[in-house]
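*Asks:* I'd like to ask some things about the structure below.
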Amino acid sequence: MDLQKIKTLLDFVGRSRVSELTVSDADTTVVIRNPARVANLEIPTTMQAMPSTVEPPRLDDQPQTQLVRASTSGIVHQSNSPGSAPMVAAGEPVEVGQALCIVEAMKVFTTISAPFGGIVKRVFFEDGQEVAFGDPLVEIG
């Protein structure tokens with residue numbers, strides 16, 4: 001792996017919300033960690049319980065919605081080609097397997113499909129925005 005490729009990867013991790021990136025090329029493996037992102041991911045080991053006078057919502061009162069999350073980090077695209085209409089928008093119905101968006105990472109394009117059907121309640125991204133693994137992309141209800 002050449003030095004320019006490693007510099008490009010370092011720049012990508014520094015600008016994105018990626019906490020760790022592992023890349024293998026031939027007999028070389030490079031692991032790049034973003035300490036600022038890793039520190040933000042730490043989960044507190046103890047939590048103090050606070051008394052609550054608020055009654056938790058009942059399931060029948062809540063609309064049933066589910067989130068579709070990014071399966072990889074990269075740049076998210078709303079359409080198949082620049083200038084064309086978005087694949088989905090809020091208020092539109094979607095079916096199982098329907099394409100919702102495309103995530104591009106290192107010139108690899110991954111289509112994110114709906115794992116369940118319903119109505120698109122919310123789109124969490126703008127075209128060309130960077131997303132990290134697990135970021136919410138679309139809410140379907």
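In the structure tokens, the first chain shown is A, the next is B, and so on; residue numbers restart at 1 for each chain, and ligands run from 1 in the order shown.
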Return as a tab-separated table the residues of stretch 75-132 of chain A lying at most 12 Å from stretch 64-68 of chain A, together with the closest atom-to-atom pair for each and the distance in Å to one decimal, counting only C-alpha atoms, with rows in chain order and ascending residue number.

*Replies:*
```
residue	atom	partner	partner_atom	distance
A:Val96	CA	A:Val68	CA	11.8
A:Gly97	CA	A:Val68	CA	11.9
A:Ala99	CA	A:Val68	CA	11.4
A:Leu100	CA	A:Val68	CA	9.1
A:Cys101	CA	A:Val68	CA	10.5
A:Ile112	CA	A:Val68	CA	8.4
A:Ser113	CA	A:Val68	CA	8.6
A:Ala114	CA	A:Val68	CA	7.1
A:Pro115	CA	A:Val68	CA	7.7
A:Phe116	CA	A:Gln66	CA	8.6
A:Gly117	CA	A:Gln66	CA	10.0
A:Gly118	CA	A:Thr65	CA	8.7
A:Ile119	CA	A:Thr65	CA	9.1
A:Val120	CA	A:Thr65	CA	9.2
A:Lys121	CA	A:Thr65	CA	8.1
A:Arg122	CA	A:Leu67	CA	9.3
A:Val123	CA	A:Val68	CA	9.8
A:Phe124	CA	A:Leu67	CA	9.9
A:Phe125	CA	A:Val68	CA	11.8
```

*Asks:* Select, from A:Ala26, A:Ile102, A:Met87, A:Met1, the residue with the minimum atom-to-atom distance to A:Ser73, counting only C-alpha atoms.

*Replies:*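 Ranking A:Ala26, A:Ile102, A:Met87, A:Met1 by distance to A:Ser73, first place goes to A:Ile102.
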
*Asks:* One decimal, in Å: what's the spacing between atom CA of A:Asp25 and atom CA of A:Thr8?

*Replies:*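 These two atoms are separated by 14.4 Å.
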
*Asks:* In Å, rounded to a single decimal, give me how far atom CA of A:Ser19 is from atom CA of A:Asn34.

*Replies:*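 For atom CA of A:Asn34 relative to atom CA of A:Ser19, the distance reads 4.9 Å.
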
*Asks:* Given the choices A:Val138, A:Ile75, A:Val30, A:Val94, which gets closest to A:Lys5 if the distance is worked out from only C-alpha atoms?

*Replies:* A:Val30

*Asks:* Rounded to one decimal in Å, what is the spacing between atom CA of A:Asp135 and atom CA of A:Val76?

*Replies:*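 It comes out at 10.9 Å.
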
*Asks:* Go through A:Pro86, A:Asn80, A:Arg69, A:Thr111 and flag the residue nearest A:Gln98, using only C-alpha atoms for the distances.

*Replies:*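 Result for the nearest residue to A:Gln98: A:Thr111.
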
*Asks:* Need to verify the contact set: A:Glu20, 8 Å, only C-alpha atoms, exclusion of same-chain residues closer than 5 positions in sequence. Can you return it as a VMD selection string?

*Replies:* chain A and resid 13 31 to 34 38
